[in-house]
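Q: See protein39.cif below, with mmCIF, C-alpha atoms.
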data_entry
#
loop_
_atom_site.label_atom_id
_atom_site.label_comp_id
_atom_site.auth_asym_id
_atom_site.auth_seq_id
_atom_site.Cartn_x
_atom_site.Cartn_y
_atom_site.Cartn_z
CA LYS V 1 -6.02 -41.25 1.88
CA ALA V 2 -5.72 -37.52 2.56
CA TYR V 3 -6.31 -38.22 6.26
CA ASP V 4 -3.99 -41.26 6.52
CA ILE V 5 -6.96 -43.61 6.76
CA PRO V 6 -5.90 -46.83 5.03
CA ILE V 7 -8.63 -48.05 2.68
CA ASP V 8 -6.75 -49.81 -0.12
CA SER V 9 -6.69 -53.35 1.26
CA GLU V 10 -9.39 -55.77 2.31
CA ALA V 11 -7.98 -55.73 5.82
CA HIS V 12 -8.84 -52.03 6.14
CA ASN V 13 -12.37 -52.23 4.74
CA GLY V 14 -13.67 -52.65 8.27
CA MET V 15 -12.14 -49.32 9.26
CA LEU V 16 -13.88 -47.55 6.38
CA ARG V 17 -17.20 -49.19 7.18
CA MET V 18 -16.82 -48.15 10.81
CA LEU V 19 -16.21 -44.53 9.77
CA LEU V 20 -19.28 -44.52 7.53
CA GLU V 21 -21.44 -46.09 10.24
CA ASP V 22 -20.29 -43.43 12.71
CA LEU V 23 -21.35 -40.76 10.23
CA ARG V 24 -24.74 -42.37 9.66
CA ALA V 25 -25.27 -42.59 13.41
CA VAL V 26 -24.87 -38.81 13.68
CA SER V 27 -26.68 -37.90 10.45
CA SER V 28 -27.16 -39.63 7.12
CA SER V 29 -26.65 -36.30 5.34
CA LEU V 30 -23.04 -36.26 6.56
CA VAL V 31 -22.24 -39.27 4.37
CA MET V 32 -23.52 -37.38 1.33
CA GLN V 33 -21.31 -34.42 2.19
CA LEU V 34 -18.14 -36.51 1.76
CA ASN V 35 -18.36 -35.73 -1.98
CA SER V 36 -19.24 -32.05 -1.64
CA GLY V 37 -15.70 -30.67 -1.62
CA LYS V 38 -12.39 -31.25 0.10
CA ASN V 39 -12.90 -28.77 2.96
CA LYS V 40 -16.39 -30.08 3.72
CA ALA V 41 -15.16 -33.66 3.56
CA PHE V 42 -12.45 -32.74 6.07
CA GLU V 43 -15.15 -31.49 8.46
CA VAL V 44 -17.20 -34.64 7.96
CA VAL V 45 -14.23 -36.89 8.79
CA GLY V 46 -13.83 -34.84 11.96
CA ALA V 47 -17.46 -35.59 12.86
CA ALA V 48 -16.82 -39.32 12.54
CA PHE V 49 -13.67 -39.09 14.67
CA THR V 50 -15.56 -37.10 17.29
CA LYS V 51 -18.34 -39.66 17.56
CA ARG V 52 -15.68 -42.36 18.00
CA VAL V 53 -13.81 -40.38 20.68
CA LEU V 54 -16.98 -39.64 22.66
CA ASP V 55 -17.98 -43.28 22.48
CA LYS V 56 -14.54 -44.48 23.54
CA LYS V 57 -14.50 -42.12 26.53
CA GLY V 58 -17.99 -43.19 27.62
CA ILE V 59 -19.32 -39.67 27.13
CA LEU V 60 -22.10 -40.88 24.83
CA THR V 61 -23.64 -43.01 27.58
CA ASN V 62 -27.28 -41.94 28.10
CA SER V 63 -26.70 -39.10 25.62
CA PHE V 64 -27.46 -38.35 21.98
CA LEU V 65 -25.98 -36.09 19.31
CA ILE V 66 -27.62 -33.33 17.30
CA PRO V 67 -25.74 -31.96 14.23
CA ILE V 68 -26.21 -28.19 14.43
CA ASP V 69 -25.49 -27.62 10.75
CA LEU V 70 -28.90 -29.12 9.94
CA HIS V 71 -30.64 -26.52 12.10
CA GLN V 72 -29.27 -23.21 10.83
CA ASN V 73 -32.70 -21.63 11.32
CA LEU V 74 -31.85 -21.33 15.03
CA PHE V 75 -29.33 -18.61 14.15
CA ALA V 76 -31.62 -16.43 12.07
CA GLY V 77 -32.71 -13.22 13.74
CA LEU V 78 -30.54 -13.44 16.84
CA ASN V 79 -30.11 -10.22 18.81
CA SER V 80 -26.37 -10.47 18.16
CA ASP V 81 -26.91 -10.90 14.39
CA ASN V 82 -24.10 -13.48 14.57
CA LYS V 83 -24.68 -16.69 12.63
CA SER V 84 -21.50 -18.52 13.63
CA ARG V 85 -22.25 -21.91 15.11
CA ALA V 86 -20.64 -24.99 16.56
CA ASP V 87 -20.83 -28.47 15.04
CA HIS V 88 -22.77 -30.65 17.45
CA LEU V 89 -24.91 -30.74 20.55
CA LEU V 90 -24.47 -33.61 22.95
CA VAL V 91 -27.70 -33.87 24.92
CA LYS V 92 -28.32 -35.60 28.24
CA ILE V 93 -31.52 -35.26 30.25
CA ASP V 94 -31.86 -35.41 34.03
CA THR V 95 -35.52 -36.27 34.39
CA GLU V 96 -35.53 -35.92 38.19
CA LYS V 97 -34.10 -32.39 38.11
CA ARG V 98 -36.05 -31.67 34.91
CA SER V 99 -32.81 -30.47 33.36
CA ILE V 100 -31.71 -30.67 29.72
CA ASP V 101 -27.91 -30.65 29.68
CA PHE V 102 -26.27 -29.49 26.46
CA THR V 103 -22.58 -29.96 25.68
CA VAL V 104 -21.79 -27.72 22.71
CA ILE V 105 -19.06 -29.31 20.59
CA GLU V 106 -16.89 -27.60 17.99
CA VAL V 107 -14.51 -29.67 15.87
CA LYS V 108 -11.61 -28.52 13.72
CA CYS V 109 -9.39 -30.64 11.46
CA ARG V 110 -6.05 -29.33 10.25
CA LYS V 111 -3.28 -30.95 8.23
CA SER V 112 -0.80 -28.82 10.16
CA LEU V 113 -1.12 -26.30 12.96
CA SER V 114 1.39 -23.84 14.37
CA THR V 115 1.23 -22.58 17.95
CA ALA V 116 0.05 -19.14 16.81
CA ASP V 117 -2.58 -20.64 14.51
CA ALA V 118 -3.78 -22.89 17.31
CA ALA V 119 -4.40 -19.90 19.58
CA ASP V 120 -6.42 -18.10 16.90
CA LEU V 121 -8.33 -21.27 16.12
CA LYS V 122 -9.27 -21.77 19.78
CA ASP V 123 -10.60 -18.20 19.95
CA LYS V 124 -12.75 -18.83 16.86
CA MET V 125 -14.04 -22.10 18.30
CA LYS V 126 -14.92 -20.37 21.56
CA GLU V 127 -16.93 -17.74 19.68
CA GLN V 128 -18.82 -20.42 17.72
CA MET V 129 -19.70 -22.34 20.87
CA ASP V 130 -20.71 -19.20 22.78
CA ASN V 131 -22.99 -18.09 19.95
CA THR V 132 -24.59 -21.52 19.78
CA ILE V 133 -25.42 -21.32 23.48
CA LEU V 134 -26.83 -17.83 22.94
CA ALA V 135 -29.09 -19.13 20.15
CA LEU V 136 -30.38 -22.01 22.25
CA LYS V 137 -31.07 -19.71 25.18
CA GLU V 138 -32.90 -17.13 23.08
CA HIS V 139 -35.11 -19.77 21.52
CA PHE V 140 -35.79 -22.22 24.30
CA ASP V 141 -34.44 -21.38 27.77
CA PRO V 142 -37.31 -20.45 30.13
CA GLN V 143 -34.81 -18.84 32.54
CA ASN V 144 -33.19 -16.66 29.90
CA SER V 145 -34.00 -12.95 30.20
CA VAL V 146 -34.66 -12.65 26.45
CA SER V 147 -36.85 -15.72 26.04
CA SER V 148 -38.52 -15.97 29.47
CA ASN V 149 -41.42 -13.69 28.52
CA ARG V 150 -41.89 -14.92 24.96
CA LEU V 151 -45.53 -14.87 23.90
CA ASP V 152 -44.81 -17.95 21.81
CA ARG V 153 -43.38 -19.94 24.72
CA THR V 154 -45.76 -22.87 24.10
CA ILE V 155 -44.78 -22.94 20.43
CA LYS V 156 -41.08 -22.85 21.33
CA ASN V 157 -41.57 -25.72 23.76
CA LYS V 158 -43.20 -27.68 20.97
CA GLU V 159 -40.27 -26.92 18.64
CA LEU V 160 -37.80 -28.10 21.27
CA LYS V 161 -39.88 -31.23 21.89
CA SER V 162 -39.86 -32.06 18.16
CA LEU V 163 -36.10 -31.48 17.91
CA LEU V 164 -35.28 -33.66 20.89
CA GLU V 165 -37.75 -36.38 19.95
CA PHE V 166 -36.31 -36.74 16.44
CA TYR V 167 -32.79 -37.38 17.72
CA ILE V 168 -33.92 -39.56 20.63
CA TYR V 169 -35.63 -41.85 18.12
CA ARG V 170 -32.51 -41.76 15.96
CA ALA V 171 -30.39 -42.77 18.96
CA ILE V 172 -32.81 -45.62 19.66
CA ARG V 173 -32.50 -46.81 16.05
CA TYR V 174 -28.72 -46.93 16.32
CA GLN V 175 -28.86 -48.45 19.82
CA HIS V 176 -27.14 -45.51 21.50
CA LEU V 177 -29.86 -45.17 24.12
CA SER V 178 -31.13 -48.04 26.23
CA PRO V 179 -34.89 -48.81 26.16
CA ASN V 180 -35.29 -47.56 29.74
CA THR V 181 -33.39 -44.31 29.17
CA SER V 182 -35.18 -43.55 25.91
CA GLU V 183 -38.56 -44.15 27.57
CA TYR V 184 -37.69 -41.70 30.37
CA TYR V 185 -36.48 -39.12 27.86
CA LEU V 186 -39.52 -39.41 25.60
CA THR V 187 -41.89 -39.12 28.56
CA PHE V 188 -39.99 -36.05 29.76
CA VAL V 189 -40.12 -34.14 26.46
CA GLN V 190 -43.88 -34.59 26.36
CA SER V 191 -44.13 -32.45 29.51
CA LEU V 192 -41.94 -29.44 28.73
CA ASP V 193 -44.85 -27.07 29.36
CA THR V 194 -44.75 -28.01 33.05
CA GLY V 195 -41.26 -26.53 33.37
CA PHE V 196 -37.61 -27.39 32.76
CA GLN V 197 -34.14 -25.90 32.94
CA MET V 198 -31.22 -25.92 30.54
CA THR V 199 -27.53 -26.21 31.39
CA PHE V 200 -24.56 -25.72 29.07
CA ARG V 201 -20.93 -26.68 28.77
CA GLU V 202 -18.46 -26.48 25.91
CA LEU V 203 -16.08 -28.98 24.34
CA GLY V 204 -13.58 -28.07 21.61
CA LEU V 205 -11.72 -30.76 19.68
CA ILE V 206 -8.82 -30.10 17.30
CA TYR V 207 -7.47 -32.89 15.11
CA ASP V 208 -3.96 -32.03 13.97
CA PHE V 209 -3.01 -34.55 11.28
CA SER V 210 0.63 -33.44 11.37
CA SER V 211 0.99 -34.50 14.98
CA SER V 212 3.22 -37.51 15.62
CA LYS V 213 1.00 -38.53 18.51
CA ARG V 214 -2.12 -40.46 17.50
CA HIS V 215 -4.91 -41.75 19.77
#
What is this structure when it is put down as structure tokens?
A:
Amino acid sequence: KAYDIPIDSEAHNGMLRMLLEDLRAVSSSLVMQLNSGKNKAFEVVGAAFTKRVLDKKGILTNSFLIPIDLHQNLFAGLNSDNKSRADHLLVKIDTEKRSIDFTVIEVKCRKSLSTADAADLKDKMKEQMDNTILALKEHFDPQNSVSSNRLDRTIKNKELKSLLEFYIYRAIRYQHLSPNTSEYYLTFVQSLDTGFQMTFRELGLIYDFSSSKRH
């Protein structure tokens, strides 16, 4: 009710079920977080909206989502000592170019938002997305100056393989990846030691619940 999502009538039960299914598709733990406090619940609703928007725009095609909040260990011990992070990674793999393409997504939900507040919020979102890219590069990017000469490169490749595999299988379970695409992706992640590259882009989404314009 706090987010103007009608749930009181039988006719709107489908909308609530759809929201919960969107959350489960991203991460089952997000559903549990709906009861962990108002601010956290606000963030979780934003995650459901984001999954719906990406799906509607066709951006999820041949891609899968990783909730960054479940992988806070990536931000421990960074050279920057900054632990700020974005919300999600949208991952797409180009097996021919041997490229893992990450779209770093940060989501904010606000009941109201002034022009000045919006500018500050965008700066904060930019910092969170930039730091997330920094963390991924330091841990996994073979072309990154910090991580290129890591003595534990093989171990890091294995960590990345495990991370990607888990969410590829999750995407298969929720039918977000086709059988052919998932097979290509799973075959690719088995061969990270033979070389790969990483590319990054950023996507910030702000949901202003005071806006008269709804999508």
Q: I need the residue nearest Glu165 of chain V from this list: V:Gln143, V:Ser178, V:Gln190, V:Gln128. Use only C-alpha atoms for the distance.
A: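 With only C-alpha atoms as the atom set, the closest residue is V:Gln190.
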Q: Expanded to explicit residues, what is the PyMOL selection byres ((chain V and resi 86) around 6) for this file, as a PDB file with C-alpha atoms, in the coordinates of the input?
A:
ATOM      1  CA  ARG V  85     -22.250 -21.910  15.110  1.00  0.00           C
ATOM      2  CA  ASP V  87     -20.830 -28.470  15.040  1.00  0.00           C
ATOM      3  CA  GLU V 106     -16.890 -27.600  17.990  1.00  0.00           C
ATOM      4  CA  GLN V 128     -18.820 -20.420  17.720  1.00  0.00           C
ATOM      5  CA  MET V 129     -19.700 -22.340  20.870  1.00  0.00           C
TER       6      MET V 129
END
Q: Hey, what's within 10 Å of segment 54-62 of chain V if we count only C-alpha atoms and toss same-chain stuff fewer than 3 positions away? As a ChimeraX atom specification, please?
A: /V:49-51,65,90-94,171,176-178,180-182,185
Q: Restricting the calculation to all atoms listed in the file, which member of V:Tyr184, V:Cys109, V:Ser162, V:Phe64 is positioned closest to Leu121 of chain V?
A: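 Selected residue with least distance to Leu121 of chain V: V:Cys109.
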Q: So, with all atoms listed in the file as the atoms that count, which of V:Phe188, V:Phe209, V:Asn73, V:Pro67 lies closest to His88 of chain V?
A: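 Checking each candidate against His88 of chain V, we get V:Pro67 as the closest.
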Q: Quick one: pull the distance between atom CA of Glu183 of chain V and atom CA of Arg150 of chain V, Å, one decimal.
A: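 Between atom CA of Glu183 of chain V and atom CA of Arg150 of chain V the gap is 29.5 Å.
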Q: Would you work out the distance separating atom CA of Val44 of chain V from atom CA of Lys111 of chain V, expressed in Å to one decimal?
A: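 About the pair atom CA of Val44 of chain V and atom CA of Lys111 of chain V: they are 14.4 Å apart.
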Q: Have a look at atom CA of Ser99 of chain V and atom CA of His71 of chain V and let me know their distance in Å, one decimal.
A: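 Spanning atom CA of Ser99 of chain V to atom CA of His71 of chain V is a straight-line distance of 21.7 Å.
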Q: So, counting all atoms listed in the file, which residue among V:Arg52, V:Lys158, V:Lys126, V:Lys83 is closest to Gly204 of chain V?
A: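 Under the stated criterion, the closest residue is V:Lys126.
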Q: With all atoms listed in the file as the atoms that count, which of V:Ser191, V:Tyr167, V:Leu113, V:Phe200 lies nearest to Leu70 of chain V?
A: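 Using all atoms listed in the file, Leu70 of chain V sits closest to V:Tyr167.
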Q: Given only C-alpha atoms as the basis, pick out the residue of V:Leu186, V:Leu136, V:Asp193, V:Ile206 nearest to Ile155 of chain V.
A: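 Counting only C-alpha atoms, the residue closest to Ile155 of chain V is V:Asp193.
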Q: Within 6 Å of Asp208 of chain V, counting only C-alpha atoms, which residues show up once you throw out same-chain ones fewer than 2 positions away? Write them as a PyMOL selection string, please.
A: chain V and resi 110-112+210-211
Q: I'd like to see the residues matched by the PyMOL selection byres ((chain V and resi 82) around 12) on this file, and ideally I'd get them as an MDAnalysis selection string.
A: chainID V and resid 72 74:81 83:85 127:135
